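*Asks:* Let me begin by handing over the structure; questions about it come next.
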Amino acid sequence: MSGLKVLDDLTLADGELFHDSRGRACPVPKPLAPLADTHGHLGSLKLHDPALALARAALVGVRLLVVPVDPVGEFPRKWGSAAEFFDFLDAHVEVARLCLEEAAQRGFAPPAFDGWDVPALLDNVRIVAGSHPYGAAEYADDAERLTRELLSSGRAVGVGEIGLDFGPYNEVDEQAQELAFRRQLRLAHELGLPVELHIRDAAGDAGCTAHRLAARILAEEGVPEAGCDLHCFTSNVHVMEDFKQLGCHIAYGGAATFSRSQDVRDALALTPSRYIITETDCPYMAPVPLRGEECEPAMVAFTAALAAQVRAEAGVASEPVTYRALWQNACALFGLPDGRR
């Protein structure tokens, strides 16, 4: 495995997969149902080897990972072709299998889930493809051809991440963003696929202009029949309600665990059970207690536990019910069997 170390010395010493920057153990909550990371940028990890990240995700109970790939932002910067991207993905999946074999020899194995007949994670790594708003001005015919090629794979389950970004880091004008968003929504309709949305308001915009415009565009173009999810939700109850009324899933990630994210937790508590899903958006926004570290798919376990706790404390749903909903909703959104027996 080219010198890859599946389990570090701290893990071998105390049995815990995660430790904070001071070396203190961060026990992974035991999942009450299979876990899904519905949005994890496996190809953007800097500090973690993708194969090791896949192995660790499997060890904490992740059984579905959806990897977004951007035909504008990542080609040819990372991969020269769709074939090269899939070679990257396939190679790391196979190395991850060897990592899990080594982990098993040391007594570490993925958890079993009674009452569920679900695939192993390494047999359930999927992709969505679409141009992020940062690349909207370059989303033209060549980019769409590459998007279609990526979506022709058996791993493909959706179009994304697409949408609107009015934040401080995007220099693309609103009109170009809207055109690319509408074009990719129409592609999702044509192909019968769900969409993953990236919507960011301008800093300090209490009116949530990007979200309001995105909701209007969805109403005009139609939410794809296959579904929609509002990725990386960091807004408030009112925004959640707007997208819930459109029938969109709401994806909660590490931001929900941050101390200053009470608005996000309030929305999480009030989101109907049929619409909640989890993600990491790795390598960004690692959840507490690992905030500040590079995020990886396994860390969705902390967010799922937080979601279950928040909803139980609010009297909305028991923890087992929330865990089941998180898994079943992810499978339903991407057209996959949930394996419930």
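Chain lettering (A, B, ...) mirrors the order of the structure tokens, residue numbering begins at 1 for each chain separately, and ligand numbering begins at 1 in order of display.
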Could you write out, as a ChimeraX atom specification, all the residues of stretch 59-304 of chain A that DSSP marks as strand (DSSP E)?

*Replies:* /A:62-69,125-129,156-165,195-200,228-230,249-252,276-278

*Asks:* Can you spit out the residues from that selection as a tab-separated table (two decimals), in the first residue's frame, using N, CA and C atoms?

*Replies:*
chain	number	residue	atom	x	y	z
A	62	VAL	N	-20.15	4.55	7.81
A	62	VAL	CA	-20.63	5.18	6.58
A	62	VAL	C	-20.84	4.10	5.52
A	63	ARG	N	-22.01	4.10	4.91
A	63	ARG	CA	-22.33	3.11	3.88
A	63	ARG	C	-22.66	3.75	2.53
A	64	LEU	N	-22.63	5.09	2.47
A	64	LEU	CA	-22.84	5.79	1.20
A	64	LEU	C	-22.02	7.07	1.23
A	65	LEU	N	-21.23	7.29	0.20
A	65	LEU	CA	-20.51	8.54	0.00
A	65	LEU	C	-20.82	9.05	-1.39
A	66	VAL	N	-21.24	10.31	-1.48
A	66	VAL	CA	-21.49	10.95	-2.77
A	66	VAL	C	-20.40	12.01	-2.98
A	67	VAL	N	-19.63	11.83	-4.05
A	67	VAL	CA	-18.48	12.70	-4.34
A	67	VAL	C	-18.85	13.67	-5.45
A	68	PRO	N	-18.89	14.98	-5.19
A	68	PRO	CA	-19.12	15.94	-6.26
A	68	PRO	C	-17.88	16.13	-7.13
A	69	VAL	N	-18.09	16.27	-8.42
A	69	VAL	CA	-16.98	16.53	-9.34
A	69	VAL	C	-17.41	17.65	-10.27
A	125	VAL	N	-19.76	4.03	-3.43
A	125	VAL	CA	-19.19	5.36	-3.62
A	125	VAL	C	-19.76	5.91	-4.92
A	126	ARG	N	-20.52	6.98	-4.82
A	126	ARG	CA	-21.25	7.55	-5.96
A	126	ARG	C	-20.72	8.94	-6.30
A	127	ILE	N	-21.21	9.49	-7.39
A	127	ILE	CA	-20.80	10.86	-7.77
A	127	ILE	C	-22.00	11.69	-8.18
A	128	VAL	N	-21.85	12.99	-8.03
A	128	VAL	CA	-22.69	13.96	-8.74
A	128	VAL	C	-21.74	14.84	-9.53
A	129	ALA	N	-22.22	15.38	-10.64
A	129	ALA	CA	-21.36	16.22	-11.48
A	129	ALA	C	-22.11	17.49	-11.85
A	156	ALA	N	-22.92	7.58	-11.14
A	156	ALA	CA	-23.56	8.90	-11.10
A	156	ALA	C	-24.98	8.80	-10.56
A	157	VAL	N	-25.29	9.73	-9.63
A	157	VAL	CA	-26.63	9.75	-9.02
A	157	VAL	C	-27.26	11.14	-9.02
A	158	GLY	N	-26.59	12.16	-9.58
A	158	GLY	CA	-27.19	13.48	-9.56
A	158	GLY	C	-26.34	14.53	-10.22
A	159	VAL	N	-26.92	15.73	-10.32
A	159	VAL	CA	-26.25	16.89	-10.90
A	159	VAL	C	-25.91	17.86	-9.76
A	160	GLY	N	-24.65	18.24	-9.66
A	160	GLY	CA	-24.31	19.17	-8.59
A	160	GLY	C	-22.81	19.23	-8.34
A	161	GLU	N	-22.35	20.21	-7.59
A	161	GLU	CA	-23.19	21.18	-6.94
A	161	GLU	C	-23.37	22.38	-7.87
A	162	ILE	N	-24.59	22.83	-7.98
A	162	ILE	CA	-24.94	23.93	-8.88
A	162	ILE	C	-25.73	24.97	-8.09
A	163	GLY	N	-25.77	26.21	-8.60
A	163	GLY	CA	-26.58	27.20	-7.91
A	163	GLY	C	-26.07	28.61	-8.06
A	164	LEU	N	-26.11	29.34	-6.94
A	164	LEU	CA	-25.78	30.76	-6.91
A	164	LEU	C	-24.88	31.06	-5.73
A	165	ASP	N	-23.84	31.84	-5.94
A	165	ASP	CA	-22.94	32.23	-4.86
A	165	ASP	C	-22.69	33.73	-4.96
A	195	VAL	N	-30.78	17.14	-8.04
A	195	VAL	CA	-29.73	18.16	-8.02
A	195	VAL	C	-29.29	18.43	-6.59
A	196	GLU	N	-27.99	18.77	-6.46
A	196	GLU	CA	-27.45	19.28	-5.21
A	196	GLU	C	-27.16	20.77	-5.41
A	197	LEU	N	-27.72	21.59	-4.53
A	197	LEU	CA	-27.63	23.04	-4.68
A	197	LEU	C	-26.55	23.64	-3.79
A	198	HIS	N	-25.80	24.57	-4.35
A	198	HIS	CA	-24.89	25.43	-3.58
A	198	HIS	C	-25.45	26.84	-3.67
A	199	ILE	N	-25.94	27.35	-2.54
A	199	ILE	CA	-26.51	28.69	-2.49
A	199	ILE	C	-25.85	29.45	-1.34
A	200	ARG	N	-25.22	30.59	-1.66
A	200	ARG	CA	-24.58	31.40	-0.63
A	200	ARG	C	-24.99	32.86	-0.81
A	228	CYS	N	-34.12	17.15	-4.95
A	228	CYS	CA	-33.23	18.29	-4.81
A	228	CYS	C	-32.75	18.32	-3.37
A	229	ASP	N	-31.48	18.72	-3.16
A	229	ASP	CA	-31.06	18.97	-1.78
A	229	ASP	C	-30.30	20.28	-1.70
A	230	LEU	N	-30.57	20.99	-0.61
A	230	LEU	CA	-29.90	22.26	-0.34
A	230	LEU	C	-28.65	21.91	0.46
A	249	HIS	N	-34.75	18.48	0.00
A	249	HIS	CA	-34.07	17.99	1.20
A	249	HIS	C	-33.12	19.07	1.70
A	250	ILE	N	-32.85	19.05	2.99
A	250	ILE	CA	-31.94	20.00	3.61
A	250	ILE	C	-30.76	19.22	4.17
A	251	ALA	N	-29.54	19.55	3.70
A	251	ALA	CA	-28.34	18.79	4.08
A	251	ALA	C	-27.58	19.54	5.16
A	252	TYR	N	-27.43	18.90	6.30
A	252	TYR	CA	-26.72	19.49	7.43
A	252	TYR	C	-25.33	18.88	7.55
A	276	ILE	N	-34.55	15.60	6.01
A	276	ILE	CA	-33.22	15.80	6.59
A	276	ILE	C	-32.22	14.79	6.02
A	277	ILE	N	-31.03	15.29	5.69
A	277	ILE	CA	-29.90	14.43	5.32
A	277	ILE	C	-28.62	15.03	5.89
A	278	THR	N	-27.55	14.24	5.88
A	278	THR	CA	-26.27	14.70	6.41
A	278	THR	C	-25.19	14.67	5.34

*Asks:* Using only C-alpha atoms, which of A:Asp87, A:Asp20, A:Asp117, A:Asp205 sits nearest A:Glu293?

*Replies:*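 The shortest atom-to-atom distance to A:Glu293 comes from A:Asp20.
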
*Asks:* With a distance cut-off of 7 Å and only C-alpha atoms, select the neighbouring residues of A:Leu59, excluding the residue or stretch itself and same-chain residues fewer than 2 positions from it, and output the selection as an mmCIF file with N, CA, C and O atoms, in the first residue's frame.

*Replies:*
data_model
loop_
_atom_site.group_PDB
_atom_site.id
_atom_site.type_symbol
_atom_site.label_atom_id
_atom_site.label_comp_id
_atom_site.auth_asym_id
_atom_site.auth_seq_id
_atom_site.Cartn_x
_atom_site.Cartn_y
_atom_site.Cartn_z
ATOM 1 N N ALA A 55 -11.415 4.225 4.063
ATOM 2 C CA ALA A 55 -11.356 3.136 5.044
ATOM 3 C C ALA A 55 -11.876 3.590 6.399
ATOM 4 O O ALA A 55 -12.643 2.876 7.061
ATOM 5 N N ARG A 56 -11.462 4.788 6.854
ATOM 6 C CA ARG A 56 -11.945 5.282 8.141
ATOM 7 C C ARG A 56 -13.455 5.505 8.113
ATOM 8 O O ARG A 56 -14.153 5.228 9.095
ATOM 9 N N ALA A 57 -13.961 6.006 6.992
ATOM 10 C CA ALA A 57 -15.404 6.200 6.880
ATOM 11 C C ALA A 57 -16.137 4.867 7.033
ATOM 12 O O ALA A 57 -17.147 4.778 7.734
ATOM 13 N N GLY A 61 -19.042 3.409 10.102
ATOM 14 C CA GLY A 61 -20.414 3.064 9.734
ATOM 15 C C GLY A 61 -20.980 3.787 8.536
ATOM 16 O O GLY A 61 -22.173 3.687 8.248
ATOM 17 N N ALA A 109 -13.173 -3.247 12.566
ATOM 18 C CA ALA A 109 -14.059 -3.648 11.475
ATOM 19 C C ALA A 109 -15.254 -2.712 11.424
ATOM 20 O O ALA A 109 -15.659 -2.133 12.453
ATOM 21 N N PRO A 110 -15.848 -2.517 10.251
ATOM 22 C CA PRO A 110 -17.055 -1.688 10.156
ATOM 23 C C PRO A 110 -18.175 -2.255 11.013
ATOM 24 O O PRO A 110 -18.302 -3.487 11.147
ATOM 25 N N PRO A 111 -19.001 -1.397 11.605
ATOM 26 C CA PRO A 111 -20.111 -1.900 12.424
ATOM 27 C C PRO A 111 -21.169 -2.579 11.562
ATOM 28 O O PRO A 111 -21.365 -2.215 10.397
#

*Asks:* Could you find all residues in stretch 82-253 of chain A that DSSP calls alpha helix (DSSP H) from the backbone, and write them as number ranges by chain?

*Replies:* A: 82-105, 141-151, 174-191, 209-221, 237-245

*Asks:* Skip stretch 279-283 of chain A itself and residues of its chain fewer than 2 positions away, then list as an MDAnalysis selection string all residues within 6 Å of it, counting only C-alpha atoms.

*Replies:* chainID A and resid 37:41 45 253 294:296 300

*Asks:* Could the residues in this selection be saved with N, CA, C and O atoms as a PDB file, in the first residue's frame?

*Replies:*
ATOM      1  N   ASP A  37     -22.772  10.155   3.835  1.00  0.00           N
ATOM      2  CA  ASP A  37     -22.167  11.465   3.566  1.00  0.00           C
ATOM      3  C   ASP A  37     -22.592  11.816   2.153  1.00  0.00           C
ATOM      4  O   ASP A  37     -22.045  11.284   1.182  1.00  0.00           O
ATOM      5  N   THR A  38     -23.570  12.712   2.046  1.00  0.00           N
ATOM      6  CA  THR A  38     -24.161  12.990   0.735  1.00  0.00           C
ATOM      7  C   THR A  38     -23.380  14.021  -0.073  1.00  0.00           C
ATOM      8  O   THR A  38     -23.782  14.346  -1.201  1.00  0.00           O
ATOM      9  N   HIS A  39     -22.245  14.503   0.487  1.00  0.00           N
ATOM     10  CA  HIS A  39     -21.462  15.503  -0.251  1.00  0.00           C
ATOM     11  C   HIS A  39     -20.072  15.587   0.359  1.00  0.00           C
ATOM     12  O   HIS A  39     -19.853  16.299   1.340  1.00  0.00           O
ATOM     13  N   GLY A  40     -19.126  14.856  -0.225  1.00  0.00           N
ATOM     14  CA  GLY A  40     -17.759  14.873   0.280  1.00  0.00           C
ATOM     15  C   GLY A  40     -16.764  14.929  -0.866  1.00  0.00           C
ATOM     16  O   GLY A  40     -16.738  14.035  -1.727  1.00  0.00           O
ATOM     17  N   HIS A  41     -15.931  15.986  -0.875  1.00  0.00           N
ATOM     18  CA  HIS A  41     -14.987  16.208  -1.978  1.00  0.00           C
ATOM     19  C   HIS A  41     -13.738  15.339  -1.782  1.00  0.00           C
ATOM     20  O   HIS A  41     -12.689  15.832  -1.351  1.00  0.00           O
ATOM     21  N   LEU A  45      -9.000  16.455  -0.779  1.00  0.00           N
ATOM     22  CA  LEU A  45      -8.284  16.256   0.475  1.00  0.00           C
ATOM     23  C   LEU A  45      -6.812  16.606   0.298  1.00  0.00           C
ATOM     24  O   LEU A  45      -6.191  16.244  -0.700  1.00  0.00           O
ATOM     25  N   GLY A 253     -24.349  19.768   7.772  1.00  0.00           N
ATOM     26  CA  GLY A 253     -22.967  19.330   7.904  1.00  0.00           C
ATOM     27  C   GLY A 253     -22.356  19.815   9.195  1.00  0.00           C
ATOM     28  O   GLY A 253     -23.051  20.134  10.170  1.00  0.00           O
ATOM     29  N   GLU A 294      -8.718  19.032   9.077  1.00  0.00           N
ATOM     30  CA  GLU A 294      -9.257  18.796   7.739  1.00  0.00           C
ATOM     31  C   GLU A 294     -10.386  17.775   7.868  1.00  0.00           C
ATOM     32  O   GLU A 294     -10.210  16.705   8.435  1.00  0.00           O
ATOM     33  N   CYS A 295     -11.527  18.139   7.334  1.00  0.00           N
ATOM     34  CA  CYS A 295     -12.683  17.255   7.431  1.00  0.00           C
ATOM     35  C   CYS A 295     -12.531  16.073   6.476  1.00  0.00           C
ATOM     36  O   CYS A 295     -11.876  16.166   5.437  1.00  0.00           O
ATOM     37  N   GLU A 296     -13.138  14.959   6.844  1.00  0.00           N
ATOM     38  CA  GLU A 296     -13.145  13.766   6.000  1.00  0.00           C
ATOM     39  C   GLU A 296     -14.477  13.049   6.175  1.00  0.00           C
ATOM     40  O   GLU A 296     -15.225  13.329   7.124  1.00  0.00           O
ATOM     41  N   VAL A 300     -18.864  12.559   9.377  1.00  0.00           N
ATOM     42  CA  VAL A 300     -20.320  12.684   9.319  1.00  0.00           C
ATOM     43  C   VAL A 300     -20.960  12.007  10.524  1.00  0.00           C
ATOM     44  O   VAL A 300     -22.086  12.342  10.907  1.00  0.00           O
TER      45      VAL A 300
END

*Asks:* Extract, using only C-alpha atoms, all DNA, RNA and protein residues at most 12 Å from A:Asp242, discarding same-chain residues fewer than 2 positions from it, and format them as number ranges by chain.

*Replies:* A: 208, 211-216, 218-219, 230, 235-240, 244-250, 267, 271

*Asks:* Please provide the set of residues having any atom within 12 Å of A:Glu94, restricted to only C-alpha atoms, with same-chain residues fewer than 6 positions apart removed, written as a list in words.

*Replies:*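 Within the cut-off, the hits are Met1, Pro50, Ala51, Leu52, Leu54, Ala55, Asp87, Phe88, Leu100, Glu101, Leu121, Leu122, Asp123 and Val125 of chain A.
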
*Asks:* Point out the residue among A:Val288, A:Leu42, A:Leu268, A:Val95 with the least atom-to-atom distance to A:Thr234, counting only C-alpha atoms.

*Replies:*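 Nearest to A:Thr234: A:Leu268.
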
*Asks:* Per residue of stretch 98-160 of chain A within 8 Å of stretch 174-186 of chain A, which atom pair is closest and at what distance in Å (one decimal), using only C-alpha atoms, listed by chain and increasing number, as a Markdown table?

*Replies:*
| residue | atom | partner | partner_atom | distance |
| --- | --- | --- | --- | --- |
| A:Gly130 | CA | A:Gln184 | CA | 7.3 |
| A:Ser131 | CA | A:Ala180 | CA | 7.9 |
| A:Pro133 | CA | A:Gln177 | CA | 5.9 |
| A:Ala136 | CA | A:Gln177 | CA | 5.2 |
| A:Ala137 | CA | A:Ala176 | CA | 5.5 |
| A:Tyr139 | CA | A:Ala180 | CA | 6.2 |
| A:Val159 | CA | A:Gln184 | CA | 7.5 |

*Asks:* Take the residues that were just selected and, keeping N, CA and C atoms, output them as a PDB file, in the first residue's frame.

*Replies:*
ATOM      1  N   GLY A 130     -21.394  18.605 -11.749  1.00  0.00           N
ATOM      2  CA  GLY A 130     -21.983  19.882 -12.114  1.00  0.00           C
ATOM      3  C   GLY A 130     -21.005  21.005 -11.840  1.00  0.00           C
ATOM      4  N   SER A 131     -21.257  22.134 -12.453  1.00  0.00           N
ATOM      5  CA  SER A 131     -20.370  23.280 -12.322  1.00  0.00           C
ATOM      6  C   SER A 131     -20.795  24.167 -11.158  1.00  0.00           C
ATOM      7  N   PRO A 133     -20.971  27.518  -8.867  1.00  0.00           N
ATOM      8  CA  PRO A 133     -21.142  28.902  -9.336  1.00  0.00           C
ATOM      9  C   PRO A 133     -19.840  29.647  -9.622  1.00  0.00           C
ATOM     10  N   ALA A 136     -19.329  29.387 -13.271  1.00  0.00           N
ATOM     11  CA  ALA A 136     -20.525  29.566 -14.097  1.00  0.00           C
ATOM     12  C   ALA A 136     -20.232  30.233 -15.437  1.00  0.00           C
ATOM     13  N   ALA A 137     -19.314  31.197 -15.462  1.00  0.00           N
ATOM     14  CA  ALA A 137     -19.025  31.913 -16.709  1.00  0.00           C
ATOM     15  C   ALA A 137     -18.405  31.010 -17.762  1.00  0.00           C
ATOM     16  N   TYR A 139     -19.223  27.715 -18.010  1.00  0.00           N
ATOM     17  CA  TYR A 139     -20.074  26.552 -18.275  1.00  0.00           C
ATOM     18  C   TYR A 139     -20.725  26.716 -19.646  1.00  0.00           C
ATOM     19  N   VAL A 159     -26.916  15.730 -10.323  1.00  0.00           N
ATOM     20  CA  VAL A 159     -26.249  16.890 -10.896  1.00  0.00           C
ATOM     21  C   VAL A 159     -25.909  17.858  -9.762  1.00  0.00           C
TER      22      VAL A 159
END

*Asks:* For atom CA of A:Gly335 and atom CA of A:Gly192, determine how far apart the two atoms are, in Å to one decimal place.

*Replies:*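 Straight-line distance from atom CA of A:Gly335 to atom CA of A:Gly192 works out to 10.4 Å.
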
*Asks:* Could you work out how far atom CA of A:Ala203 lies from atom CA of A:Pro168, giving the answer in Å with one decimal?

*Replies:* 7.1 Å

*Asks:* Select, from A:Ala36, A:Leu47, A:Leu333, A:Val172, the residue with the minimum atom-to-atom distance to A:Leu193, counting only C-alpha atoms.

*Replies:*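 Of the candidates, the smallest distance to A:Leu193 is held by A:Leu333.
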
*Asks:* Of the residues A:Pro194, A:Gly135, A:Gly23, A:Pro224, which is the one nearest to A:Leu151, using only C-alpha atoms?

*Replies:*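 Closest residue, counting only C-alpha atoms: A:Pro194.
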
*Asks:* Using only C-alpha atoms, can you tell me which of A:Leu187, A:Ala96, A:Ile217, A:Asp114 comes closest to A:Arg148?

*Replies:*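 Using only C-alpha atoms, A:Arg148 sits closest to A:Leu187.
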
*Asks:* Here is a test: counting only C-alpha atoms, which residue of A:Phe243, A:Ser261, A:Pro27, A:Ser44 is nearest to A:Trp79?

*Replies:*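 Residue with the minimum atom-to-atom distance to A:Trp79: A:Ser44.
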
*Asks:* By how many Å are atom CA of A:Val6 and atom CA of A:Val28 apart?

*Replies:*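 Straight-line distance from atom CA of A:Val6 to atom CA of A:Val28 works out to 16.9 Å.
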